[in-house]
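Note: the block below is protein36.cif and it holds mmCIF, C-alpha atoms.
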```
data_data
loop_
_atom_site.group_PDB
_atom_site.id
_atom_site.type_symbol
_atom_site.label_atom_id
_atom_site.label_comp_id
_atom_site.auth_asym_id
_atom_site.auth_seq_id
_atom_site.Cartn_x
_atom_site.Cartn_y
_atom_site.Cartn_z
ATOM 1 C CA MET A 254 0.000 0.000 0.000
ATOM 2 C CA THR A 255 1.418 3.416 -0.943
ATOM 3 C CA GLN A 256 1.488 6.275 1.524
ATOM 4 C CA ALA A 257 -0.953 8.242 -0.653
ATOM 5 C CA HIS A 258 -3.604 5.512 -0.379
ATOM 6 C CA ARG A 259 -3.595 5.293 3.415
ATOM 7 C CA PRO A 260 -6.197 8.054 4.035
ATOM 8 C CA LEU A 261 -8.532 6.489 1.446
ATOM 9 C CA ARG A 262 -8.205 3.066 3.079
ATOM 10 C CA ALA A 263 -8.849 4.671 6.471
ATOM 11 C CA ALA A 264 -12.021 6.308 5.121
ATOM 12 C CA ILE A 265 -13.241 2.922 3.821
ATOM 13 C CA TRP A 266 -12.665 1.327 7.226
ATOM 14 C CA MET A 267 -14.593 4.170 8.843
ATOM 15 C CA THR A 268 -17.573 3.377 6.605
ATOM 16 C CA GLY A 269 -17.719 -0.044 8.260
ATOM 17 C CA SER A 270 -17.505 1.613 11.671
ATOM 18 C CA ILE A 271 -20.383 3.981 10.854
ATOM 19 C CA LEU A 272 -22.681 1.153 9.734
ATOM 20 C CA ALA A 273 -21.765 -1.029 12.726
ATOM 21 C CA PHE A 274 -22.329 1.705 15.322
ATOM 22 C CA SER A 275 -25.671 2.585 13.723
ATOM 23 C CA ALA A 276 -26.795 -1.069 13.854
ATOM 24 C CA MET A 277 -25.717 -1.234 17.499
ATOM 25 C CA ALA A 278 -27.806 1.846 18.324
ATOM 26 C CA ILE A 279 -30.942 0.338 16.764
ATOM 27 C CA ALA A 280 -30.392 -2.991 18.534
ATOM 28 C CA GLY A 281 -29.729 -1.253 21.859
ATOM 29 C CA ARG A 282 -32.935 0.757 21.549
ATOM 30 C CA GLN A 283 -34.889 -2.470 20.889
ATOM 31 C CA ILE A 284 -33.846 -4.129 24.166
ATOM 32 C CA GLY A 285 -33.107 -1.101 26.361
ATOM 33 C CA GLY A 286 -36.224 -1.636 28.465
ATOM 34 C CA ILE A 287 -35.398 -5.292 29.185
ATOM 35 C CA HIS A 288 -31.642 -5.398 29.819
ATOM 36 C CA ASP A 289 -29.627 -2.771 31.693
ATOM 37 C CA SER A 290 -26.431 -1.376 30.203
ATOM 38 C CA PHE A 291 -24.158 -3.702 32.240
ATOM 39 C CA GLU A 292 -26.028 -6.781 30.985
ATOM 40 C CA ILE A 293 -25.849 -5.520 27.402
ATOM 41 C CA MET A 294 -22.107 -4.905 27.735
ATOM 42 C CA THR A 295 -21.534 -8.364 29.257
ATOM 43 C CA VAL A 296 -23.303 -10.255 26.464
ATOM 44 C CA ARG A 297 -21.887 -7.969 23.795
ATOM 45 C CA SER A 298 -18.341 -8.567 25.042
ATOM 46 C CA ALA A 299 -18.894 -12.341 25.315
ATOM 47 C CA VAL A 300 -20.048 -12.492 21.688
ATOM 48 C CA GLY A 301 -17.168 -10.256 20.658
ATOM 49 C CA LEU A 302 -14.584 -12.338 22.524
ATOM 50 C CA GLY A 303 -15.804 -15.477 20.780
ATOM 51 C CA LEU A 304 -15.507 -13.776 17.386
ATOM 52 C CA VAL A 305 -12.007 -12.517 18.147
ATOM 53 C CA LEU A 306 -10.808 -15.955 19.298
ATOM 54 C CA LEU A 307 -12.313 -17.668 16.237
ATOM 55 C CA THR A 308 -10.655 -15.114 13.955
ATOM 56 C CA GLY A 309 -7.311 -15.554 15.702
ATOM 57 C CA LEU A 310 -7.505 -19.343 15.444
ATOM 58 C CA ALA A 311 -8.608 -19.280 11.804
ATOM 59 C CA THR A 312 -5.806 -16.930 10.771
ATOM 60 C CA GLY A 313 -3.141 -18.399 13.063
ATOM 61 C CA ARG A 314 -2.532 -15.014 14.678
ATOM 62 C CA LEU A 315 -3.357 -15.684 18.332
ATOM 63 C CA HIS A 316 0.363 -15.406 19.090
ATOM 64 C CA GLU A 317 0.007 -11.651 18.464
ATOM 65 C CA VAL A 318 -1.904 -11.317 21.751
ATOM 66 C CA THR A 319 0.571 -10.265 24.444
ATOM 67 C CA ALA A 320 0.418 -8.707 27.898
ATOM 68 C CA GLN A 321 3.338 -6.353 27.311
ATOM 69 C CA ARG A 322 1.120 -3.249 27.345
ATOM 70 C CA LEU A 323 -1.508 -4.433 29.797
ATOM 71 C CA PRO A 324 -1.708 -1.120 31.733
ATOM 72 C CA GLY A 325 -2.431 0.708 28.477
ATOM 73 C CA HIS A 326 -5.163 -1.771 27.582
ATOM 74 C CA PHE A 327 -6.690 -1.504 31.055
ATOM 75 C CA LEU A 328 -6.786 2.299 30.958
ATOM 76 C CA ARG A 329 -8.296 2.338 27.455
ATOM 77 C CA ASN A 330 -10.936 -0.227 28.317
ATOM 78 C CA ILE A 331 -12.053 1.215 31.656
ATOM 79 C CA VAL A 332 -12.495 4.606 29.969
ATOM 80 C CA HIS A 333 -14.367 3.078 27.046
ATOM 81 C CA PHE A 334 -16.482 0.810 29.266
ATOM 82 C CA THR A 335 -17.644 3.798 31.317
ATOM 83 C CA ALA A 336 -18.404 5.857 28.220
ATOM 84 C CA GLN A 337 -20.228 2.985 26.497
ATOM 85 C CA ASN A 338 -22.445 2.324 29.509
ATOM 86 C CA LEU A 339 -23.363 6.009 29.668
ATOM 87 C CA TRP A 340 -24.137 5.865 25.928
ATOM 88 C CA PHE A 341 -26.430 2.839 26.276
ATOM 89 C CA TRP A 342 -28.211 4.546 29.190
ATOM 90 C CA ALA A 343 -28.673 7.782 27.228
ATOM 91 C CA LEU A 344 -29.980 5.693 24.324
ATOM 92 C CA THR A 345 -33.116 4.913 26.364
ATOM 93 C CA LEU A 346 -33.674 8.518 27.476
ATOM 94 C CA ILE A 347 -33.291 10.851 24.481
ATOM 95 C CA PRO A 348 -33.964 10.716 20.694
ATOM 96 C CA LEU A 349 -31.335 8.956 18.595
ATOM 97 C CA ALA A 350 -30.487 12.047 16.532
ATOM 98 C CA GLN A 351 -29.958 14.091 19.695
ATOM 99 C CA LEU A 352 -27.776 11.366 21.217
ATOM 100 C CA PHE A 353 -25.599 11.160 18.120
ATOM 101 C CA ALA A 354 -25.392 14.952 17.825
ATOM 102 C CA ILE A 355 -24.064 15.223 21.387
ATOM 103 C CA GLU A 356 -21.758 12.245 20.871
ATOM 104 C CA PHE A 357 -20.238 13.980 17.863
ATOM 105 C CA THR A 358 -18.636 16.600 20.036
ATOM 106 C CA SER A 359 -16.092 13.802 20.583
ATOM 107 C CA PRO A 360 -14.135 14.434 17.320
ATOM 108 C CA ILE A 361 -13.784 18.083 18.321
ATOM 109 C CA TRP A 362 -11.976 16.995 21.463
ATOM 110 C CA VAL A 363 -9.869 14.504 19.502
ATOM 111 C CA ILE A 364 -8.743 17.124 16.985
ATOM 112 C CA LEU A 365 -7.871 19.613 19.723
ATOM 113 C CA LEU A 366 -6.212 17.090 22.078
ATOM 114 C CA SER A 367 -4.237 15.123 19.458
ATOM 115 C CA PRO A 368 -1.401 17.687 19.225
ATOM 116 C CA LEU A 369 -0.964 17.549 23.010
ATOM 117 C CA LEU A 370 -1.290 13.789 23.560
ATOM 118 C CA LEU A 371 -0.198 12.283 20.223
ATOM 119 C CA GLY A 372 2.104 14.939 18.791
ATOM 120 C CA GLU A 373 -0.026 15.307 15.643
ATOM 121 C CA ARG A 374 -0.039 18.590 13.730
ATOM 122 C CA LEU A 375 -3.075 20.853 14.133
ATOM 123 C CA THR A 376 -3.431 22.055 10.543
ATOM 124 C CA ARG A 377 -5.798 24.703 9.258
ATOM 125 C CA ALA A 378 -7.781 22.029 7.395
ATOM 126 C CA ARG A 379 -8.306 20.035 10.586
ATOM 127 C CA LEU A 380 -9.341 23.139 12.495
ATOM 128 C CA LEU A 381 -11.778 24.024 9.712
ATOM 129 C CA ALA A 382 -13.173 20.457 9.726
ATOM 130 C CA ALA A 383 -13.662 20.672 13.493
ATOM 131 C CA ALA A 384 -15.337 24.067 13.228
ATOM 132 C CA LEU A 385 -17.687 22.941 10.446
ATOM 133 C CA GLY A 386 -18.477 19.720 12.296
ATOM 134 C CA PHE A 387 -19.300 21.622 15.461
ATOM 135 C CA ALA A 388 -21.414 24.116 13.501
ATOM 136 C CA GLY A 389 -23.306 21.244 11.902
ATOM 137 C CA ILE A 390 -23.976 19.698 15.315
ATOM 138 C CA LEU A 391 -25.341 22.996 16.647
ATOM 139 C CA ILE A 392 -27.634 23.280 13.632
ATOM 140 C CA VAL A 393 -28.968 19.772 14.244
ATOM 141 C CA ALA A 394 -29.200 19.768 18.047
ATOM 142 C CA ARG A 395 -29.908 23.439 18.883
ATOM 143 C CA PRO A 396 -29.068 22.673 22.538
ATOM 144 C CA ASN A 397 -31.059 24.294 25.329
ATOM 145 C CA LEU A 398 -28.569 24.746 28.157
ATOM 146 C CA SER A 399 -31.307 25.782 30.587
ATOM 147 C CA ALA A 400 -33.123 22.439 30.291
ATOM 148 C CA LEU A 401 -30.459 19.766 30.511
ATOM 149 C CA ASP A 402 -31.700 16.313 31.505
ATOM 150 C CA PRO A 403 -29.840 13.178 32.677
ATOM 151 C CA GLY A 404 -29.858 11.697 29.168
ATOM 152 C CA VAL A 405 -28.149 14.783 27.740
ATOM 153 C CA LEU A 406 -25.556 14.826 30.541
ATOM 154 C CA ALA A 407 -24.874 11.087 30.108
ATOM 155 C CA ALA A 408 -24.428 11.561 26.346
ATOM 156 C CA ALA A 409 -22.045 14.477 26.922
ATOM 157 C CA ALA A 410 -19.934 12.466 29.371
ATOM 158 C CA ALA A 411 -19.885 9.550 26.930
ATOM 159 C CA ALA A 412 -18.619 11.865 24.168
ATOM 160 C CA ILE A 413 -15.659 12.945 26.295
ATOM 161 C CA GLY A 414 -14.936 9.308 27.146
ATOM 162 C CA PHE A 415 -15.035 8.291 23.471
ATOM 163 C CA ALA A 416 -12.580 11.069 22.615
ATOM 164 C CA ALA A 417 -10.167 9.796 25.270
ATOM 165 C CA THR A 418 -10.667 6.237 23.978
ATOM 166 C CA SER A 419 -9.766 7.252 20.414
ATOM 167 C CA ILE A 420 -6.552 8.855 21.584
ATOM 168 C CA LEU A 421 -5.627 5.886 23.800
ATOM 169 C CA THR A 422 -6.409 3.515 20.904
ATOM 170 C CA LYS A 423 -4.137 5.497 18.587
ATOM 171 C CA LYS A 424 -1.342 5.151 21.135
ATOM 172 C CA LEU A 425 -1.863 1.384 21.325
ATOM 173 C CA THR A 426 -1.771 0.989 17.526
ATOM 174 C CA ARG A 427 1.854 2.112 17.665
ATOM 175 C CA GLY A 428 3.407 -1.308 18.026
ATOM 176 C CA GLU A 429 0.354 -3.304 19.168
ATOM 177 C CA SER A 430 -1.519 -5.778 16.964
ATOM 178 C CA ILE A 431 -5.159 -4.977 16.132
ATOM 179 C CA LEU A 432 -6.077 -8.534 17.150
ATOM 180 C CA SER A 433 -4.405 -7.996 20.522
ATOM 181 C CA ILE A 434 -6.274 -4.708 21.037
ATOM 182 C CA LEU A 435 -9.612 -6.383 20.243
ATOM 183 C CA PHE A 436 -8.830 -9.389 22.464
ATOM 184 C CA TRP A 437 -8.139 -7.259 25.533
ATOM 185 C CA LEU A 438 -11.091 -5.017 24.675
ATOM 186 C CA THR A 439 -13.601 -7.868 24.702
ATOM 187 C CA LEU A 440 -12.046 -9.826 27.595
ATOM 188 C CA MET A 441 -11.672 -6.874 29.953
ATOM 189 C CA GLN A 442 -15.068 -5.407 29.161
ATOM 190 C CA PHE A 443 -16.712 -8.799 29.645
ATOM 191 C CA CYS A 444 -15.227 -8.893 33.151
ATOM 192 C CA PHE A 445 -16.211 -5.278 33.856
ATOM 193 C CA GLY A 446 -19.755 -5.946 32.619
ATOM 194 C CA LEU A 447 -20.117 -9.119 34.682
ATOM 195 C CA ILE A 448 -19.042 -7.282 37.831
ATOM 196 C CA GLY A 449 -21.378 -4.356 37.136
ATOM 197 C CA ALA A 450 -24.326 -6.579 36.241
ATOM 198 C CA GLY A 451 -23.920 -8.629 39.420
ATOM 199 C CA ILE A 452 -23.743 -5.719 41.852
ATOM 200 C CA ASP A 453 -27.521 -5.595 42.329
ATOM 201 C CA GLY A 454 -27.774 -9.386 42.537
ATOM 202 C CA GLN A 455 -30.004 -9.576 39.467
ATOM 203 C CA PHE A 456 -29.029 -10.616 35.970
ATOM 204 C CA THR A 457 -31.694 -10.800 33.267
ATOM 205 C CA LEU A 458 -30.786 -13.703 30.997
ATOM 206 C CA PRO A 459 -31.236 -13.338 27.232
ATOM 207 C CA THR A 460 -34.597 -14.480 25.880
ATOM 208 C CA ALA A 461 -35.687 -15.626 22.451
ATOM 209 C CA GLN A 462 -36.787 -12.038 21.862
ATOM 210 C CA THR A 463 -33.622 -10.289 23.025
ATOM 211 C CA LEU A 464 -30.880 -12.765 22.078
ATOM 212 C CA PRO A 465 -30.833 -11.877 18.343
ATOM 213 C CA TRP A 466 -30.501 -8.177 19.199
ATOM 214 C CA LEU A 467 -27.715 -8.924 21.699
ATOM 215 C CA VAL A 468 -25.866 -10.903 19.019
ATOM 216 C CA VAL A 469 -26.240 -7.936 16.649
ATOM 217 C CA ILE A 470 -24.795 -5.668 19.356
ATOM 218 C CA GLY A 471 -21.886 -8.070 19.956
ATOM 219 C CA PHE A 472 -21.070 -8.509 16.270
ATOM 220 C CA SER A 473 -21.477 -4.796 15.536
ATOM 221 C CA GLY A 474 -19.291 -3.884 18.496
ATOM 222 C CA VAL A 475 -16.387 -6.006 17.234
ATOM 223 C CA LEU A 476 -16.828 -4.795 13.638
ATOM 224 C CA ALA A 477 -17.007 -1.177 14.769
ATOM 225 C CA HIS A 478 -13.826 -1.403 16.838
ATOM 226 C CA LEU A 479 -12.012 -3.436 14.178
ATOM 227 C CA SER A 480 -12.890 -0.773 11.619
ATOM 228 C CA LEU A 481 -12.024 2.142 13.891
ATOM 229 C CA THR A 482 -8.740 0.610 15.069
ATOM 230 C CA SER A 483 -7.739 -0.256 11.484
ATOM 231 C CA ALA A 484 -8.522 3.292 10.367
ATOM 232 C CA LEU A 485 -6.484 4.759 13.231
ATOM 233 C CA SER A 486 -3.530 2.548 12.254
ATOM 234 C CA LEU A 487 -3.625 4.030 8.737
ATOM 235 C CA ALA A 488 -4.151 7.750 9.341
ATOM 236 C CA PRO A 489 -3.977 10.376 12.108
ATOM 237 C CA ALA A 490 -6.794 10.402 14.654
ATOM 238 C CA SER A 491 -7.649 13.997 13.749
ATOM 239 C CA PHE A 492 -8.307 12.795 10.162
ATOM 240 C CA VAL A 493 -10.104 9.535 10.994
ATOM 241 C CA VAL A 494 -12.521 10.595 13.707
ATOM 242 C CA PRO A 495 -14.318 13.474 11.884
ATOM 243 C CA ILE A 496 -15.483 10.980 9.220
ATOM 244 C CA ASP A 497 -17.717 9.512 11.920
ATOM 245 C CA PHE A 498 -19.919 12.613 11.592
ATOM 246 C CA VAL A 499 -21.685 10.791 8.736
ATOM 247 C CA ARG A 500 -23.534 8.743 11.354
ATOM 248 C CA LEU A 501 -25.623 11.744 12.374
ATOM 249 C CA PRO A 502 -27.780 12.241 9.252
ATOM 250 C CA LEU A 503 -27.865 8.452 8.770
ATOM 251 C CA ILE A 504 -29.271 7.738 12.230
ATOM 252 C CA ALA A 505 -31.721 10.639 11.967
ATOM 253 C CA VAL A 506 -33.236 9.063 8.845
ATOM 254 C CA LEU A 507 -33.291 5.577 10.409
ATOM 255 C CA ALA A 508 -34.928 6.891 13.591
ATOM 256 C CA ALA A 509 -37.609 8.612 11.520
ATOM 257 C CA LEU A 510 -38.321 5.447 9.527
ATOM 258 C CA ILE A 511 -38.220 2.955 12.411
ATOM 259 C CA TYR A 512 -39.383 4.932 15.456
ATOM 260 C CA ALA A 513 -41.277 7.814 13.808
ATOM 261 C CA GLU A 514 -38.961 10.307 15.476
ATOM 262 C CA PRO A 515 -39.460 13.711 13.766
ATOM 263 C CA LEU A 516 -37.039 14.323 10.909
ATOM 264 C CA ASP A 517 -36.176 17.993 11.207
ATOM 265 C CA PRO A 518 -35.072 19.580 7.880
ATOM 266 C CA LEU A 519 -32.254 21.213 9.831
ATOM 267 C CA VAL A 520 -30.779 17.738 10.314
ATOM 268 C CA LEU A 521 -30.142 17.625 6.572
ATOM 269 C CA LEU A 522 -28.644 21.124 6.609
ATOM 270 C CA GLY A 523 -26.407 20.227 9.528
ATOM 271 C CA GLY A 524 -25.412 17.018 7.768
ATOM 272 C CA ALA A 525 -24.425 18.989 4.670
ATOM 273 C CA VAL A 526 -22.209 21.281 6.770
ATOM 274 C CA ILE A 527 -20.625 18.262 8.427
ATOM 275 C CA PHE A 528 -19.974 16.620 5.057
ATOM 276 C CA ALA A 529 -18.267 19.796 3.865
ATOM 277 C CA GLY A 530 -15.851 19.694 6.782
ATOM 278 C CA ILE A 531 -15.105 16.012 6.213
ATOM 279 C CA LEU A 532 -14.409 16.513 2.506
ATOM 280 C CA ILE A 533 -12.092 19.448 3.197
ATOM 281 C CA ASN A 534 -10.126 17.366 5.694
ATOM 282 C CA ILE A 535 -9.912 14.320 3.410
ATOM 283 C CA ARG A 536 -8.766 16.353 0.397
ATOM 284 C CA SER A 537 -6.142 18.119 2.521
ATOM 285 C CA GLU A 538 -4.756 14.801 3.820
ATOM 286 C CA LEU A 539 -4.651 13.302 0.317
ATOM 287 C CA ARG A 540 -2.784 16.341 -1.066
ATOM 288 C CA SER A 541 -0.357 16.249 1.860
ATOM 289 C CA ASN A 542 0.412 12.566 1.255
ATOM 290 C CA GLN A 543 0.862 13.142 -2.460
ATOM 291 C CA ARG A 544 3.362 15.915 -1.770
ATOM 292 C CA GLY A 545 5.221 13.692 0.689
ATOM 293 C CA LYS A 546 5.411 10.946 -1.930
ATOM 294 C CA LYS A 547 6.878 13.293 -4.575
ATOM 295 C CA GLN A 548 9.576 14.759 -2.318
ATOM 296 C CA PRO A 549 13.000 13.267 -3.165
ATOM 297 C CA VAL A 550 14.736 11.235 -0.493
ATOM 298 C CA PRO A 551 17.984 12.992 0.561
#
```
When written as structure tokens, how does the structure in this file appear?
Amino acid sequence: MTQAHRPLRAAIWMTGSILAFSAMAIAGRQIGGIHDSFEIMTVRSAVGLGLVLLTGLATGRLHEVTAQRLPGHFLRNIVHFTAQNLWFWALTLIPLAQLFAIEFTSPIWVILLSPLLLGERLTRARLLAAALGFAGILIVARPNLSALDPGVLAAAAAAIGFAATSILTKKLTRGESILSILFWLTLMQFCFGLIGAGIDGQFTLPTAQTLPWLVVIGFSGVLAHLSLTSALSLAPASFVVPIDFVRLPLIAVLAALIYAEPLDPLVLLGGAVIFAGILINIRSELRSNQRGKKQPVP
């Protein structure tokens, strides 16, 4: 793979992440009144762990799983586990489009924190992408700061946690196998979920009605993290994460079709603004890689 093709490959991986996270949101909404977030995370991680082990055995790559960076895995997964539980809780409290709009403040934090924590350059194109993405979110959400509810606060906290997770994931991709990252993700979060689900002494077992949705959540969770981790291994976090903005107009349309949630025309306008920022960032990264390819080696 040439250096110039890496951003394009990263964008393709992010398409898989967008579809997987959207499927997980629909499945989570379907069973949110039956299983609590800890139970959902436990079953999701169990399904994911099985998929990771099968993949490792089939490809002969289980030897890539090591414990050399266990503290880094633990920190990443406790942050992500907390954020994901808050996200599943918010999923049952506020409309899907509002949840995703609040969640998409996460790339803004990634773009602004990446220079400090990852040493990535904060270019004008990335700043413009962040500004357009944030403007698009404001157009869609039109937040009322005087009437915040628990669902909004949970979604906001989850967004900050997801931003931290993206940065910690990017750090792990420097020298750590994707299979190893996914193995520790599913194993640790299965243990965290089991502990959380057992605190109240009640665990609602999957039923014939909920099991298919839990499997969808488990499969989508692994696919989403595989796609996101692969994208982060190919391109800077400040380039990869803004692509996730595409989920907002997509989930707004799905919520309108499936749950009859109102489809505000401003969602489409906000989506167009978000797309503009993404395209500017992608074109800037592609031009930068092309210039790097043409420069002679001293």
For range 270-285 of chain A: contacts at 9 Å, only C-alpha atoms, fewer than 6 positions along chain excluded, given as number ranges by chain: A: 293, 341-342, 344-345, 349, 462-463, 465-467, 469-481, 496-500, 503-504, 507-508, 511
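Note that the spacing between CA of Ala505 in chain A and CA of Ala350 in chain A amounts to 4.9 Å.
Among the candidates A:Pro515, A:Gly524, A:Gly269, A:Pro489, the one nearest to Leu375 in chain A when counting all atoms listed in the file is A:Pro489.
Distances from A:Gly309, A:Arg262, A:His316, A:Ala488 to Thr426 in chain A were compared using all atoms listed in the file, and the smallest one belongs to A:Ala488.
Across the structure, CA of Leu539 in chain A and CA of Ser367 in chain A are spaced 19.2 Å apart.
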Find the spatial neighbours of Thr358 in chain A, counting only C-alpha atoms, within a cut-off of 10 Å - ignore same-chain residues fewer than 6 positions away - and output them as a PDB file with C-alpha atoms, keeping the file's coordinate frame.
```
ATOM      1  CA  ALA A 383     -13.662  20.672  13.493  1.00  0.00           C
ATOM      2  CA  GLY A 386     -18.477  19.720  12.296  1.00  0.00           C
ATOM      3  CA  PHE A 387     -19.300  21.622  15.461  1.00  0.00           C
ATOM      4  CA  ILE A 390     -23.976  19.698  15.315  1.00  0.00           C
ATOM      5  CA  LEU A 391     -25.341  22.996  16.647  1.00  0.00           C
ATOM      6  CA  ALA A 408     -24.428  11.561  26.346  1.00  0.00           C
ATOM      7  CA  ALA A 409     -22.045  14.477  26.922  1.00  0.00           C
ATOM      8  CA  ALA A 411     -19.885   9.550  26.930  1.00  0.00           C
ATOM      9  CA  ALA A 412     -18.619  11.865  24.168  1.00  0.00           C
ATOM     10  CA  ILE A 413     -15.659  12.945  26.295  1.00  0.00           C
ATOM     11  CA  PHE A 415     -15.035   8.291  23.471  1.00  0.00           C
ATOM     12  CA  ALA A 416     -12.580  11.069  22.615  1.00  0.00           C
ATOM     13  CA  PRO A 495     -14.318  13.474  11.884  1.00  0.00           C
ATOM     14  CA  PHE A 498     -19.919  12.613  11.592  1.00  0.00           C
TER      15      PHE A 498
END
```
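CA of Met294 in chain A to CA of Ala354 in chain A spans 22.4 Å [interatomic distance, one decimal].
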